[in-house]
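Below is one structure; the comments refer to it alone.
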Amino acid sequence: MISRATAEIVFAGFTALFGVVIAHGAREFGVGWSASGPEPGTFPFYIGAIITLASLANLAGALRGRWRGAEPFMTAQQGGALLRFIVPMVLFVIAAIYLGLYVATALYMFGVMVVQGRYRIWYAALVAIGMPVALFLLLEKGFQVSLLKGPLEAALGY
Amino acid sequence: MENIGALLHGFTVAFTPFHIGLMIVGVLLGILVGVLPGLGAPNGVSLLLPLTFSMDPVAAIILLTSMYWGALFGGSTTSILFNIPGEPSSVATTFDGYPLAQKGRATEALAFAFLSAGFGALVGVIVITLLSGWVQRFALKFSSPEFFAVYFLAFSSFVGLGGAPMLKTIVSIGIGFALAAVGMDSVSGSLRLTFEFDQLIAGVSFLVAVIGLFGIGELILTIEEGLHLKGITAKVSPRDVLRAMAEMPRHWATLVRSALVGVWMGITPGGPTAASFMSYGLGKRFSSFRNNYGKGEPDGIIAPETADHSAGTAAMLPMLALGIPGSATAAVMLGGLMIWGLNPGPMLFVERPDFVWGLIASMYMGNVLAVVLVLSTVPLFASILRIPFAIIGPAIVVICFIGAYTVGSRIFDLWLALGFGLLGYMFKKLNYPIAPLILAMVIGDKAEDAFRQSLIMSKGSMAIFWSNPLVTSLMLLALVLLAWPLVARLINRRSAH
């Protein structure tokens, strides 16, 4: 179980770090006044500083016990459900990069339907093939929008 | 009167069979994304936007705004039938909508929601029609300091009126501005904040951010909460609709109050979500039906729905006239306007009256069409939610990632969408508001340019933001709103003692 306070502290730390990175990155471009007005880094620098300050205030509030007694951020059961959703999604993105979005869609739909939805193989296969075909017709033929393609499309001549 | 003339011209632009066809398609797609968990108005519009790049701007905006109306209606449908708000702005509709539906009066509940939504939208469009000429003339007096002051006012009102914790709203706005600054700097031409990372040279697209933050983030949240669909079947019978219609006039006070709240919150960017909650809260306090609120009282549906839709439509006014979107969806559309090569702001009325007035005219027709379409298709769309999640969940994931890829045909955007999805989940869980981040991403560059140009005009003196009555009053109003959460806390503390 992850408590609300822990989550607040970690996330406030993350946003504070983000602010520091932005402010630091902005300094490279000059933070001040030049002949042509404010230098390009000025605005991002102060934005980074504001993010950091506001995040530190959030962090301080969480450390001082503002979230004591709050509902837990995540229970073990919720965490499990999240992983079962997020892991296949990440695999889908990786598959899309190597195999193209259409093939990745088919594999992802098929995998989730069979493993998590316990559908029969033929039914899952039907949906998993039908969806990319429908998307292909809609996007490539209908709207002339080209999606990321992989080796299978190359072999088919697209 | 010139507005009326312009509007009549707008009707001739908007009412071609092609445009009416687009309205129908847009409304239906909108209801679909509004009903589906994870998809909502902002990312529905984001997903559709890349497909409109080659369209004529008038046709494109009609399609996108119609989708917006449809999504607002779809969101209320699931609130009432499933107790699951399809949109953040229809959360308040669940308070009385679902209890009324549980009593077996689902059709009436839906009819109350749609009719009051239609009324709210109509008030919003009428306000736009009457005020746009005036706002545009007012805005033509603006130069850089005034524009910066208005942008500042927009963000201050998120802090003051948005309802989320003040510091978290500031963090959200800051992240949006920082992301907007990544890539080419439009004033100096230098590449900023790319950290030697080639992928960041083109910047971070706000469309990818919307798809991740709203779409994937929302979906992760849905998974975690576990989908408990205890749907109430609704068959829309005309008799129930008529009965609801006959009862509407009794709620005139709530209708008027809620519409005013909505218009105000739409124009000063508080957004539809804040408007619906505020209106429900006011109704609970002042309505003559207040004792039944929370137990399935029609007045408790009418209050949030009217405000939600009048805010949604009124948000188009500052978007068109000032280039400041009043809601997250309006922010996405504003981005679309810029992609289509239009320049949102007061000059848009002068340069492209056909576009502006065509859009306004289409809003009248689009909303009437939406009420009719949503009433006739509710059973169909409600049945979509009965498709098992093992199919609909991955299908929505696929649509989101395909949408992210079509924005710029970049593999990197797939990773960005994933990252924004996780960020959106954290934002929602920890009560950080997302809409201000999107708004800052879309208008961040313009706000920064206005700030820098003002300082160039004044040779570095901040006094330029107090140099004339107009800019001074805008800045003062913004500072009051910014300080409002602190003041409210002090007052509460004092009255507690």
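As shown in the structure tokens, the chain order sets the letters A, B, ...; within each chain, residues go from 1, and ligands are also counted from 1 in the order they appear.
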Distance-based interface of chain A with chain B, 6 Å, counting only C-alpha atoms, as a VMD selection string
chain A and resid 25 37 47 51 54 78 82 113 117
File dump, residues just selected, C-alpha atoms, as a PDB file, in the first residue's frame:
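Output below, filename part.pdb:
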ATOM      1  CA  GLY A  25      18.531  24.653 -18.619  1.00  0.00           C
ATOM      2  CA  GLY A  37      15.234  43.006 -24.715  1.00  0.00           C
ATOM      3  CA  ILE A  47       8.904  29.749 -14.671  1.00  0.00           C
ATOM      4  CA  ILE A  51       7.532  25.661 -10.222  1.00  0.00           C
ATOM      5  CA  ALA A  54       5.434  26.053  -5.342  1.00  0.00           C
ATOM      6  CA  GLN A  78      -5.275  -1.348  -7.235  1.00  0.00           C
ATOM      7  CA  LEU A  82      -2.787  -0.909 -12.838  1.00  0.00           C
ATOM      8  CA  MET A 113      -8.804 -10.229 -25.084  1.00  0.00           C
ATOM      9  CA  GLY A 117     -10.863 -11.123 -21.180  1.00  0.00           C
TER      10      GLY A 117
END
Non-local contacts of Tyr98 (chain A) (9 Å; only C-alpha atoms; under 3 positions in same chain excluded) as a list in words:
Val93, Ile94, Ala95, Leu101, Ala104, Lys149, Gly150 and Pro151 of chain A
Enumerate the residues of region 54-127 of chain B with a DSSP assignment of alpha helix (DSSP H), computed from the backbone, and present them as an MDAnalysis selection string.
chainID B and resid 57:82 91:100 106:127
Neighbours of region 245-260 of chain B within 7 Å (only C-alpha atoms; same-chain residues fewer than 3 positions away dropped), as JSON, numbers by chain?
{"B": [120, 123, 241, 242, 263, 264, 279, 283, 287, 299, 302, 303, 306, 307, 310]}
Selected residue of minimal separation from Phe11 (chain A) among A:Ala26, A:Tyr46, A:Val114, A:Phe73, counting only C-alpha atoms:
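Result for the nearest residue to Phe11 (chain A): A:Phe73.
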Could you give me the residues within region 54-289 of chain B that DSSP places in strand (DSSP E), as JSON, numbers by chain?
{"B": [183, 184, 191, 192]}
Excluding Ser3 (chain A) and any residue of its chain fewer than 5 positions from it, enumerate the residues within 10 Å of it, using only C-alpha atoms, and give them as a VMD selection string.
chain A and resid 8 67 to 75
